$ cat my_file.cif   # mmCIF, C-alpha atoms
data_start
loop_
_atom_site.label_atom_id
_atom_site.label_comp_id
_atom_site.auth_asym_id
_atom_site.auth_seq_id
_atom_site.Cartn_x
_atom_site.Cartn_y
_atom_site.Cartn_z
CA MET A 1 -52.82 76.52 22.68
CA LYS A 2 -52.10 74.24 25.64
CA LYS A 3 -48.82 76.03 26.37
CA TRP A 4 -50.66 79.35 26.30
CA CYS A 5 -53.28 78.02 28.72
CA TYR A 6 -50.70 76.75 31.18
CA GLY A 7 -48.94 80.10 31.05
CA THR A 8 -52.20 81.91 31.69
CA LEU A 9 -52.94 79.73 34.75
CA ILE A 10 -49.52 80.41 36.22
CA ALA A 11 -49.91 84.16 35.61
CA LEU A 12 -53.32 84.23 37.29
CA LEU A 13 -52.05 82.34 40.35
CA VAL A 14 -49.08 84.71 40.71
CA LEU A 15 -51.39 87.74 40.41
CA ALA A 16 -53.79 86.35 43.02
CA CYS A 17 -51.08 85.39 45.51
CA GLY A 18 -49.62 88.87 45.27
CA ALA A 19 -52.88 90.47 46.47
CA THR A 20 -52.86 92.14 49.87
CA GLN A 21 -53.97 89.91 52.72
CA ALA A 22 -57.07 91.29 54.41
CA PRO A 23 -60.41 90.12 55.85
CA ALA A 24 -62.88 89.57 53.03
CA GLN A 25 -66.31 88.25 52.17
CA ASN A 26 -68.75 87.63 49.35
CA LYS A 27 -70.30 91.09 48.96
CA ALA A 28 -73.89 91.79 47.99
CA GLY A 29 -74.21 94.07 44.95
CA ALA A 30 -70.73 93.29 43.64
CA LEU A 31 -69.81 92.43 40.06
CA THR A 32 -67.43 89.50 39.62
CA LEU A 33 -65.03 88.52 36.86
CA SER A 34 -63.37 85.10 36.88
CA PRO A 35 -60.73 84.05 34.32
CA MET A 36 -60.20 80.30 34.76
CA ILE A 37 -58.38 77.31 33.25
CA GLY A 38 -58.96 73.62 33.63
CA GLY A 39 -60.03 70.42 31.93
CA TYR A 40 -63.05 69.08 30.05
CA VAL A 41 -63.84 65.34 30.20
CA PHE A 42 -66.03 63.99 27.37
CA GLU A 43 -68.24 60.91 27.68
CA GLY A 44 -66.83 57.92 25.82
CA ASP A 45 -69.56 57.86 23.18
CA GLN A 46 -68.42 61.28 21.89
CA ASN A 47 -65.06 59.83 20.82
CA LEU A 48 -63.13 62.89 22.05
CA ASP A 49 -60.08 63.02 24.31
CA HIS A 50 -60.01 64.81 27.63
CA SER A 51 -59.24 68.42 26.75
CA LEU A 52 -57.85 71.66 28.10
CA THR A 53 -60.31 74.52 28.60
CA VAL A 54 -59.98 78.20 29.36
CA GLY A 55 -62.86 80.39 30.30
CA LEU A 56 -64.20 83.63 31.60
CA ALA A 57 -67.21 84.08 33.89
CA ALA A 58 -68.96 87.35 34.70
CA GLY A 59 -71.43 87.50 37.57
CA TYR A 60 -73.48 89.66 39.87
CA ASN A 61 -74.08 89.02 43.58
CA LEU A 62 -77.79 89.53 44.15
CA THR A 63 -77.23 89.07 47.88
CA GLU A 64 -74.35 87.80 49.97
CA ASN A 65 -75.62 84.25 49.33
CA TRP A 66 -77.17 84.35 45.85
CA ALA A 67 -75.47 85.21 42.55
CA ALA A 68 -76.09 84.92 38.82
CA GLU A 69 -73.23 84.19 36.43
CA LEU A 70 -72.66 83.98 32.68
CA ALA A 71 -69.68 81.79 31.69
CA LEU A 72 -67.89 80.97 28.41
CA ASN A 73 -65.40 78.11 28.08
CA ALA A 74 -63.24 77.43 25.07
CA ILE A 75 -62.35 73.73 24.64
CA ASP A 76 -59.30 72.50 22.64
CA ALA A 77 -60.27 68.90 21.82
CA GLU A 78 -59.08 66.07 19.58
CA SER A 79 -60.72 62.90 18.38
CA ASP A 80 -59.72 59.58 19.96
CA THR A 81 -57.71 58.73 16.89
CA GLY A 82 -55.94 62.07 16.98
CA ASN A 83 -56.56 62.94 13.35
CA VAL A 84 -59.37 65.45 13.89
CA ASP A 85 -59.12 68.73 15.85
CA VAL A 86 -62.28 69.94 17.47
CA ASN A 87 -62.91 73.46 18.73
CA GLY A 88 -65.55 73.53 21.43
CA PHE A 89 -67.42 76.33 23.13
CA LEU A 90 -69.56 75.94 26.24
CA VAL A 91 -71.85 78.84 27.22
CA ARG A 92 -73.64 78.67 30.58
CA LEU A 93 -76.05 80.83 32.56
CA ASP A 94 -75.85 79.69 36.18
CA GLY A 95 -77.23 80.44 39.58
CA LEU A 96 -74.92 80.16 42.62
CA TYR A 97 -75.68 79.79 46.29
CA HIS A 98 -72.82 80.68 48.69
CA PHE A 99 -72.43 79.24 52.17
CA MET A 100 -70.78 81.29 54.94
CA PRO A 101 -70.45 84.35 52.66
CA GLU A 102 -68.88 86.44 55.42
CA ASN A 103 -65.86 84.12 55.72
CA ARG A 104 -62.59 84.10 53.85
CA LEU A 105 -63.30 80.56 52.53
CA VAL A 106 -66.72 80.49 50.82
CA PRO A 107 -68.11 77.21 49.41
CA TYR A 108 -70.97 77.31 46.91
CA LEU A 109 -73.39 75.17 44.91
CA ALA A 110 -74.30 75.97 41.30
CA ALA A 111 -76.72 74.94 38.59
CA GLY A 112 -77.73 76.30 35.21
CA LEU A 113 -78.54 75.97 31.52
CA GLY A 114 -76.14 76.16 28.60
CA GLN A 115 -75.16 75.19 25.10
CA LEU A 116 -72.20 73.14 23.91
CA THR A 117 -70.93 73.78 20.37
CA LEU A 118 -68.42 71.36 18.82
CA ASP A 119 -66.78 72.40 15.54
CA PRO A 120 -64.51 69.66 14.10
CA SER A 121 -61.86 70.40 11.48
CA THR A 122 -63.74 68.03 9.14
CA GLY A 123 -67.45 67.53 9.05
CA PRO A 124 -70.41 69.50 10.32
CA SER A 125 -70.55 71.28 13.66
CA ASP A 126 -72.88 70.19 16.44
CA GLU A 127 -74.84 72.34 18.91
CA GLU A 128 -76.82 71.04 21.86
CA PHE A 129 -78.49 72.53 24.90
CA ASN A 130 -77.55 71.15 28.28
CA VAL A 131 -77.93 71.52 32.01
CA ASN A 132 -75.15 71.59 34.56
CA TYR A 133 -74.82 71.34 38.29
CA GLY A 134 -71.92 71.27 40.71
CA GLY A 135 -70.08 73.46 43.16
CA GLY A 136 -66.88 75.10 44.11
CA LEU A 137 -64.84 77.12 46.56
CA LYS A 138 -63.75 80.74 46.75
CA TYR A 139 -60.82 81.65 48.96
CA PHE A 140 -60.52 85.41 49.43
CA LEU A 141 -57.03 86.82 49.55
CA SER A 142 -58.30 90.38 49.94
CA ASP A 143 -61.57 92.31 49.74
CA ASP A 144 -61.54 92.12 45.96
CA VAL A 145 -59.49 89.05 44.96
CA ALA A 146 -60.10 85.34 45.57
CA LEU A 147 -58.79 82.02 44.33
CA ARG A 148 -61.55 79.89 42.83
CA GLY A 149 -62.05 76.25 42.02
CA ASP A 150 -65.14 74.81 40.28
CA VAL A 151 -66.45 71.36 39.17
CA ARG A 152 -69.59 70.83 37.01
CA HIS A 153 -71.48 67.86 35.66
CA VAL A 154 -72.78 68.76 32.18
CA ILE A 155 -75.74 66.73 30.80
CA GLY A 156 -76.93 67.06 27.18
CA PHE A 157 -80.65 67.23 26.35
CA GLU A 158 -80.62 65.28 23.01
CA ASP A 159 -77.58 63.05 22.98
CA ASN A 160 -77.80 62.53 26.72
CA TYR A 161 -74.06 62.94 27.04
CA SER A 162 -72.61 63.21 30.54
CA ASN A 163 -69.49 65.38 30.64
CA LEU A 164 -67.36 66.91 33.38
CA ILE A 165 -65.67 70.29 33.49
CA TYR A 166 -63.26 71.36 36.22
CA THR A 167 -61.57 74.73 36.40
CA ALA A 168 -59.41 76.87 38.67
CA GLY A 169 -58.66 80.54 38.52
CA VAL A 170 -58.98 83.92 40.08
CA LEU A 171 -62.09 85.90 40.99
CA PHE A 172 -62.06 89.69 40.96
CA GLN A 173 -64.88 91.30 42.95
CA LEU A 174 -65.86 94.83 42.00
CA GLY A 175 -68.45 96.74 43.95
CA PRO A 176 -69.51 98.12 47.31
CA LYS A 177 -67.19 97.69 50.25
CA PRO A 178 -68.56 95.76 53.22
CA LYS A 179 -70.45 98.01 55.56
CA ALA A 180 -68.19 99.28 58.29
CA MET A 181 -69.30 98.66 61.82
CA PRO A 182 -70.51 101.88 63.42
CA ALA A 183 -67.95 103.45 65.72
CA ARG A 184 -68.55 102.77 69.40
CA ASP A 185 -70.10 105.67 71.31
CA SER A 186 -70.32 104.53 74.93
CA ASP A 187 -72.02 107.63 76.32
CA GLY A 188 -74.36 108.13 73.35
CA ASP A 189 -73.39 111.77 72.78
CA GLY A 190 -72.82 111.39 69.05
CA VAL A 191 -69.00 111.42 69.27
CA ALA A 192 -67.20 108.11 68.76
CA ASP A 193 -65.15 106.83 71.68
CA ASP A 194 -61.86 107.10 69.77
CA LYS A 195 -62.48 110.85 69.34
CA ASP A 196 -64.29 111.52 72.62
CA ALA A 197 -62.21 113.52 75.10
CA CYS A 198 -65.03 113.21 77.68
CA PRO A 199 -66.27 109.61 77.32
CA ASN A 200 -68.56 109.63 80.37
CA THR A 201 -70.86 112.55 79.52
CA PRO A 202 -74.34 112.13 81.11
CA LYS A 203 -77.17 111.21 78.76
CA GLY A 204 -78.83 114.12 76.96
CA VAL A 205 -76.09 116.68 77.65
CA LYS A 206 -75.08 118.80 74.65
CA VAL A 207 -71.43 118.34 73.69
CA ASN A 208 -68.89 119.94 71.38
CA GLU A 209 -66.99 118.23 68.58
CA ARG A 210 -64.61 116.69 71.13
CA GLY A 211 -67.50 115.08 73.03
CA CYS A 212 -67.18 117.36 76.06
CA PRO A 213 -70.15 119.20 77.63
CA ILE A 214 -70.61 122.71 76.26
CA ASP A 215 -69.39 125.55 78.49
CA SER A 216 -70.88 128.66 76.86
CA ASP A 217 -69.30 131.22 79.21
CA LYS A 218 -65.98 129.33 79.36
CA ASP A 219 -65.82 129.45 83.15
CA GLY A 220 -64.82 125.80 83.52
CA VAL A 221 -68.31 124.68 84.59
CA ALA A 222 -70.36 122.90 81.91
CA ASP A 223 -73.70 124.48 80.99
CA TYR A 224 -75.75 121.60 82.41
CA LEU A 225 -74.19 122.24 85.84
CA ASP A 226 -73.85 126.03 85.55
CA VAL A 227 -76.29 127.97 87.72
CA CYS A 228 -74.91 131.23 86.31
CA PRO A 229 -74.40 130.49 82.56
CA ASP A 230 -73.59 134.09 81.58
CA THR A 231 -70.59 134.77 83.80
CA PRO A 232 -68.23 137.35 82.24
CA LEU A 233 -65.14 135.88 80.63
CA GLY A 234 -62.29 135.42 83.11
CA ALA A 235 -64.39 135.91 86.26
CA PRO A 236 -63.47 133.42 89.04
CA VAL A 237 -66.41 131.12 89.77
CA ASP A 238 -67.45 128.58 92.39
CA THR A 239 -68.38 124.94 91.75
CA LYS A 240 -71.85 126.00 90.57
CA GLY A 241 -70.43 128.31 87.91
CA CYS A 242 -71.39 131.52 89.74
CA PRO A 243 -68.95 134.39 90.29
CA LYS A 244 -67.22 134.22 93.67
CA ASP A 245 -68.01 136.68 96.45
CA SER A 246 -65.20 135.94 98.88
CA ASP A 247 -66.11 138.56 101.49
CA GLY A 248 -69.87 137.90 101.23
CA ASP A 249 -70.77 141.53 100.66
CA GLY A 250 -73.00 140.86 97.64
CA VAL A 251 -70.49 142.20 95.12
CA PHE A 252 -68.79 139.54 92.99
CA ASP A 253 -65.00 139.32 93.22
CA TYR A 254 -64.47 140.19 89.54
CA ARG A 255 -65.83 143.71 90.15
CA ASP A 256 -65.16 144.06 93.90
CA LYS A 257 -62.61 146.84 94.43
CA CYS A 258 -62.54 146.11 98.16
CA PRO A 259 -62.45 142.28 98.33
CA ASP A 260 -61.71 142.04 102.08
CA THR A 261 -64.70 143.93 103.51
CA ALA A 262 -65.56 142.83 107.05
CA PRO A 263 -68.72 140.72 107.47
CA GLY A 264 -71.93 142.68 108.01
CA VAL A 265 -70.63 145.95 106.63
CA MET A 266 -72.76 147.65 104.01
CA VAL A 267 -70.97 148.30 100.72
CA ASP A 268 -71.50 150.33 97.55
CA GLU A 269 -71.64 148.94 94.00
CA ASP A 270 -67.84 148.62 93.94
CA GLY A 271 -67.86 146.43 97.05
CA CYS A 272 -66.30 149.10 99.25
CA VAL A 273 -67.60 150.18 102.67
CA LEU A 274 -70.53 152.51 102.32
CA THR A 275 -70.01 155.35 104.79
CA PHE A 276 -72.05 158.34 105.76
CA THR A 277 -71.19 160.46 108.77
CA LEU A 278 -73.12 163.54 109.81
CA GLN A 279 -71.94 165.53 112.83
CA ILE A 280 -74.36 167.78 114.72
CA GLU A 281 -73.06 170.01 117.53
CA PHE A 282 -75.02 170.92 120.65
CA ASP A 283 -74.99 173.71 123.20
CA THR A 284 -73.56 173.06 126.66
CA ASP A 285 -75.73 170.71 128.69
CA LYS A 286 -78.40 170.70 125.94
CA ALA A 287 -80.03 167.97 123.79
CA ASP A 288 -82.06 170.28 121.54
CA ILE A 289 -81.26 170.20 117.80
CA ARG A 290 -80.09 173.53 116.42
CA PRO A 291 -82.23 174.76 113.46
CA GLN A 292 -79.12 175.11 111.35
CA TYR A 293 -78.83 171.30 111.19
CA HIS A 294 -82.35 170.59 109.93
CA ASN A 295 -81.26 170.53 106.28
CA LYS A 296 -78.31 168.27 107.13
CA LEU A 297 -80.69 165.81 108.78
CA GLY A 298 -82.76 165.86 105.58
CA GLU A 299 -79.67 164.77 103.68
CA ALA A 300 -79.15 161.98 106.19
CA ALA A 301 -82.75 160.82 105.70
CA ALA A 302 -82.30 160.78 101.91
CA PHE A 303 -79.16 158.66 102.25
CA ILE A 304 -80.89 156.18 104.54
CA ARG A 305 -83.72 155.75 102.02
CA LYS A 306 -81.27 155.25 99.11
CA TYR A 307 -79.13 152.74 100.96
CA PRO A 308 -81.49 150.77 103.19
CA ALA A 309 -78.95 149.50 105.69
CA PRO A 310 -80.31 147.15 108.36
CA GLN A 311 -79.40 149.64 111.11
CA ILE A 312 -78.00 153.17 111.38
CA LEU A 313 -76.04 154.28 114.45
CA VAL A 314 -77.02 157.58 116.04
CA ALA A 315 -74.17 158.18 118.49
CA GLY A 316 -74.28 160.89 121.19
CA HIS A 317 -71.16 162.49 122.72
CA THR A 318 -70.16 165.16 125.30
CA ASP A 319 -67.12 167.16 126.32
CA ASN A 320 -65.24 166.31 129.50
CA VAL A 321 -66.95 168.86 131.71
CA GLY A 322 -69.08 167.26 134.41
CA ASP A 323 -69.69 163.88 136.01
CA ASP A 324 -69.08 160.79 133.90
CA ASP A 325 -72.50 159.28 134.61
CA TYR A 326 -74.25 162.55 133.87
CA ASN A 327 -72.32 162.95 130.62
CA LEU A 328 -73.29 159.41 129.59
CA GLN A 329 -76.96 160.21 130.20
CA LEU A 330 -76.65 163.54 128.36
CA SER A 331 -75.06 161.86 125.35
CA GLN A 332 -77.88 159.33 125.29
CA ARG A 333 -80.51 162.13 125.35
CA ARG A 334 -78.78 163.87 122.47
CA ALA A 335 -78.78 160.61 120.43
CA GLU A 336 -82.46 159.99 121.23
CA SER A 337 -83.33 163.56 120.20
CA VAL A 338 -81.82 163.13 116.73
CA ARG A 339 -83.29 159.65 116.28
CA GLN A 340 -86.78 160.88 117.11
CA TYR A 341 -86.43 163.86 114.77
CA LEU A 342 -85.63 161.52 111.83
CA ILE A 343 -88.60 159.32 112.71
CA ASP A 344 -91.10 162.16 113.14
CA LYS A 345 -89.93 164.49 110.38
CA PHE A 346 -88.82 162.05 107.66
CA HIS A 347 -90.70 158.85 108.63
CA ILE A 348 -87.56 156.75 108.84
CA ASP A 349 -88.23 153.24 110.14
CA ALA A 350 -87.62 153.36 113.89
CA ASN A 351 -86.17 149.85 113.85
CA LYS A 352 -83.29 151.03 111.67
CA LEU A 353 -82.16 153.81 113.99
CA VAL A 354 -80.11 152.82 117.00
CA ALA A 355 -79.45 155.63 119.53
CA LYS A 356 -76.43 155.11 121.74
CA GLY A 357 -74.64 157.48 124.11
CA PHE A 358 -70.88 157.33 124.59
CA GLY A 359 -70.44 160.21 127.08
CA LYS A 360 -67.02 161.81 126.93
CA THR A 361 -65.17 158.65 125.85
CA GLN A 362 -64.78 159.47 122.13
CA PRO A 363 -63.60 163.08 121.71
CA VAL A 364 -62.78 164.33 118.24
CA ALA A 365 -61.06 167.54 119.48
CA ASP A 366 -59.02 168.82 122.39
CA ASN A 367 -61.21 169.36 125.49
CA ALA A 368 -58.65 171.88 126.80
CA THR A 369 -60.05 174.63 124.56
CA PRO A 370 -63.58 176.05 124.20
CA GLU A 371 -63.47 175.29 120.47
CA GLY A 372 -62.48 171.70 121.10
CA ARG A 373 -65.18 171.17 123.73
CA GLN A 374 -67.79 172.57 121.27
CA LYS A 375 -66.82 169.99 118.67
CA ASN A 376 -67.06 167.20 121.21
CA ARG A 377 -70.65 168.17 122.17
CA ARG A 378 -72.11 166.35 119.18
CA VAL A 379 -74.17 163.53 117.62
CA ASP A 380 -72.73 161.45 114.78
CA ILE A 381 -75.02 159.63 112.34
CA THR A 382 -72.92 156.81 110.95
CA CYS A 383 -73.69 154.38 108.16
CA CYS A 384 -72.97 151.62 107.49
CA THR A 385 -70.56 150.07 109.96
CA VAL A 386 -71.02 147.41 112.56
CA ILE A 387 -72.90 148.88 115.50
CA PRO A 388 -71.07 148.42 118.82
CA LYS A 389 -72.86 146.45 121.48
#

$ encode --input "my_file.cif" --output "C-alpha cells"
Amino acid sequence: MKKWCYGTLIALLVLACGATQAPAQNKAGALTLSPMIGGYVFEGDQNLDHSLTVGLAAGYNLTENWAAELALNAIDAESDTGNVDVNGFLVRLDGLYHFMPENRLVPYLAAGLGQLTLDPSTGPSDEEFNVNYGGGLKYFLSDDVALRGDVRHVIGFEDNYSNLIYTAGVLFQLGPKPKAMPARDSDGDGVADDKDACPNTPKGVKVNERGCPIDSDKDGVADYLDVCPDTPLGAPVDTKGCPKDSDGDGVFDYRDKCPDTAPGVMVDEDGCVLTFTLQIEFDTDKADIRPQYHNKLGEAAAFIRKYPAPQILVAGHTDNVGDDDYNLQLSQRRAESVRQYLIDKFHIDANKLVAKGFGKTQPVADNATPEGRQKNRRVDITCCTVIPK
C-alpha cells in the first residue's frame, strides 16, 4: 500500500504543476475536492508505528474566508513489534478560516470533530470520537487548482490520546468564477472604453453601439448639437446641422437651382430671381394711363400681393424727342401716375412702390422710327431686382 500511496502523491503533484498559471483566489460558493497523502503519528501509549495515510476531503466555501469540509483518511499502521497490522480510518468534519483569500497563497486555520477507527488484524476494533485543530496553506496554480499542505493535532475524548496527522496534496475548486471587474466607461455613456469610438461624449447624450452621439439625419452633426435634426439625406449643412444657404436668398442649397443669386434679390421657391415686368406705353408728351392697360395693372397688383417684395420699381421712360431735362421730368410724372393708380385702385402699400424717371436714357427700341419712339414712351413695373439709387 505504501508504494501505491507514494505513486499517488507523485501523480497528484505532476497534475497540479501542469495546471495553467493564472491569478487565482479562494472563491465563495465553490465546491472543493482535495486528494492528499501524508503521515499519521500515534502517541506512544497506543503502541503503533508512525504510518502512511491517504485521504480525500470534500468542502464548500461558505464565503471567501469560511469553509466547511468533510475528510476521510485511511491509515496503514503496524504495532511497535511489527507482528500486527492495523487498518485505521479517521473521519473529520471541520471548519476552516482562510486568510488573504484573494491571494495566490492562502493560509488557513482549521478545527473540527471526528472519529478514529482502528481495526487490528487480531483482536477487537476500537472507535473513539476526537477533536482536531491545526492549519495549512493553499497555493493556487490556476483559478481551479491549488497545492495544499495541512497539519492537525488530533485529541481523543476517552483515551486522551494526542496524535498528529500531516498531509499534502492537490485541491480542485469547482464553482463560480471570480466576479470580473466592470469594464471602464470614462464618459458614462454605457459603452466600455475599449469599444468606445467616441470616449469623450458629454454626460447624458444618447449614443449608438459604438459610443458615438446619435446623428438621426446623418448630416455629420450629432442630434444634441443639431438645430435642424430633420435635414434631408445628403444635404450640405453648416456647423449647427442646418442646410446651407450660400447666397442668403432663403432657399437652401440642396434645392436652390440658382445658387449664386445676388444679395437682396427676391427669388422664387427654386431660389431663382423672381421677375415681373409690365410695360405700359403712353401718348406723346402725356402721363395719363390708357384704359387698355387697366387689366394689366390688375395683374401687376395681384403679383405684388402674392410675392410681397420689400420694394417694387415703377420706372418711367421717354423717347428722344425734346429737352433732356423735360424728358426726365415727363418720365417721372409717368412713373408717379402708375404708382398712384396701384395705390388708389388696388390698395398696394405705398412704401413698396418706388417711382423713378429715367428720361430717354434707357430706350428699348429705335428712336429713329415712329414705332420705336412709341415703345420708348413707357413705364416698366419691375420686380424683384435691386432698385437703382

$ residues_around --input "my_file.cif" --residues "range 271-274 of chain A" --least-positions-apart "5" --cutoff "8 Å" --atoms "only C-alpha atoms" --output "list in words"
Asp249, Gly250, Val251, Arg255, Asp256, Lys257, Cys258, Pro259, Thr261, Val265, Met266, Cys383, Cys384 and Thr385 of chain A

$ closest_residue --input "my_file.cif" --among "A:Asp366, A:Ile312, A:Val86, A:Leu330" --to "Ala350 in chain A" --atoms "all atoms listed in the file"
A:Ile312

$ residues_near_point --input "my_file.cif" --point "(-83.0, 166.3, 124.3)" --cutoff "9 Å" --atoms "all atoms listed in the file" --output "list in words"
Lys286, Ala287, Asp288, Ile289, Leu330, Gln332, Arg333, Arg334, Ala335, Glu336, Ser337 and Val338 of chain A

$ axis_aligned_box --input "my_file.cif" --around "range 239-258 of chain A" --padding-each-side "5 Å" --output "lines of an AutoDock Vina configuration file"
center_x = -67.8
center_y = 135.9
center_z = 94.7
size_x = 20.5
size_y = 31.9
size_z = 23.6

$ residues_near_point --input "my_file.cif" --point "(-79.4, 111.1, 81.4)" --cutoff "12 Å" --atoms "only C-alpha atoms" --output "PDB file with C-alpha atoms, keeping the file's coordinate frame"
ATOM      1  CA  ASP A 187     -72.020 107.630  76.320  1.00  0.00           C
ATOM      2  CA  GLY A 188     -74.360 108.130  73.350  1.00  0.00           C
ATOM      3  CA  ASP A 189     -73.390 111.770  72.780  1.00  0.00           C
ATOM      4  CA  ASN A 200     -68.560 109.630  80.370  1.00  0.00           C
ATOM      5  CA  THR A 201     -70.860 112.550  79.520  1.00  0.00           C
ATOM      6  CA  PRO A 202     -74.340 112.130  81.110  1.00  0.00           C
ATOM      7  CA  LYS A 203     -77.170 111.210  78.760  1.00  0.00           C
ATOM      8  CA  GLY A 204     -78.830 114.120  76.960  1.00  0.00           C
ATOM      9  CA  VAL A 205     -76.090 116.680  77.650  1.00  0.00           C
ATOM     10  CA  LYS A 206     -75.080 118.800  74.650  1.00  0.00           C
ATOM     11  CA  TYR A 224     -75.750 121.600  82.410  1.00  0.00           C
TER      12      TYR A 224
END

$ closest_residue --input "my_file.cif" --among "A:Tyr40, A:Tyr166, A:Phe172, A:Tyr60" --to "Leu93 in chain A" --atoms "all atoms listed in the file"
A:Tyr60

$ closest_residue --input "my_file.cif" --among "A:Ala315, A:Leu48, A:Ile280, A:Val221" --to "Pro236 in chain A" --atoms "all atoms listed in the file"
A:Val221

$ atom_distance --input "my_file.cif" --atom1 "CA of Gly114 in chain A" --atom2 "CA of Leu90 in chain A"
7.0 Å

$ residues_around --input "my_file.cif" --residues "Asn320 in chain A" --least-positions-apart "6" --cutoff "10 Å" --atoms "only C-alpha atoms" --output "compact mmCIF listing (two decimals) with C-alpha atoms, in the frame of the given file"
# COMPACT_ATOMS: atom_id res chain seq x y z
CA ASN A 327 -72.32 162.95 130.62
CA GLY A 359 -70.44 160.21 127.08
CA LYS A 360 -67.02 161.81 126.93
CA THR A 361 -65.17 158.65 125.85
CA PRO A 363 -63.60 163.08 121.71
CA ASP A 366 -59.02 168.82 122.39
CA ASN A 367 -61.21 169.36 125.49
CA ALA A 368 -58.65 171.88 126.80
CA ARG A 373 -65.18 171.17 123.73
CA ASN A 376 -67.06 167.20 121.21
CA ARG A 377 -70.65 168.17 122.17

$ resolve_selection --input "my_file.cif" --expression "the PyMOL selection byres ((chain A and resi 25) around 6)" --output "MDAnalysis selection string"
chainID A and resid 24 26:27 101:104

$ write_last_selection --input "my_file.cif" --atoms "C-alpha atoms" --output "short mmCIF file (atom, residue, chain, number, x, y, z; two decimals), keeping the file's coordinate frame"
data_model
loop_
_atom_site.label_atom_id
_atom_site.label_comp_id
_atom_site.auth_asym_id
_atom_site.auth_seq_id
_atom_site.Cartn_x
_atom_site.Cartn_y
_atom_site.Cartn_z
CA ALA A 24 -62.88 89.57 53.03
CA ASN A 26 -68.75 87.63 49.35
CA LYS A 27 -70.30 91.09 48.96
CA PRO A 101 -70.45 84.35 52.66
CA GLU A 102 -68.88 86.44 55.42
CA ASN A 103 -65.86 84.12 55.72
CA ARG A 104 -62.59 84.10 53.85
#

$ atom_distance --input "my_file.cif" --atom1 "CA of Arg152 in chain A" --atom2 "CA of Gly82 in chain A"
25.8 Å

$ closest_residue --input "my_file.cif" --among "A:Ser125, A:Asp270, A:Asp144, A:Phe346" --to "Asn295 in chain A" --atoms "all atoms listed in the file"
A:Phe346

$ closest_residue --input "my_file.cif" --among "A:Lys240, A:Pro370, A:Asn132, A:Ile381" --to "Ala300 in chain A" --atoms "only C-alpha atoms"
A:Ile381

$ residues_around --input "my_file.cif" --residues "Leu56 in chain A" --least-positions-apart "6" --cutoff "6 Å" --atoms "only C-alpha atoms" --output "VMD selection string"
chain A and resid 34 to 35 71 to 72

$ closest_residue --input "my_file.cif" --among "A:Asp238, A:Asp325, A:Glu158, A:Glu127" --to "Gly220 in chain A" --atoms "only C-alpha atoms"
A:Asp238
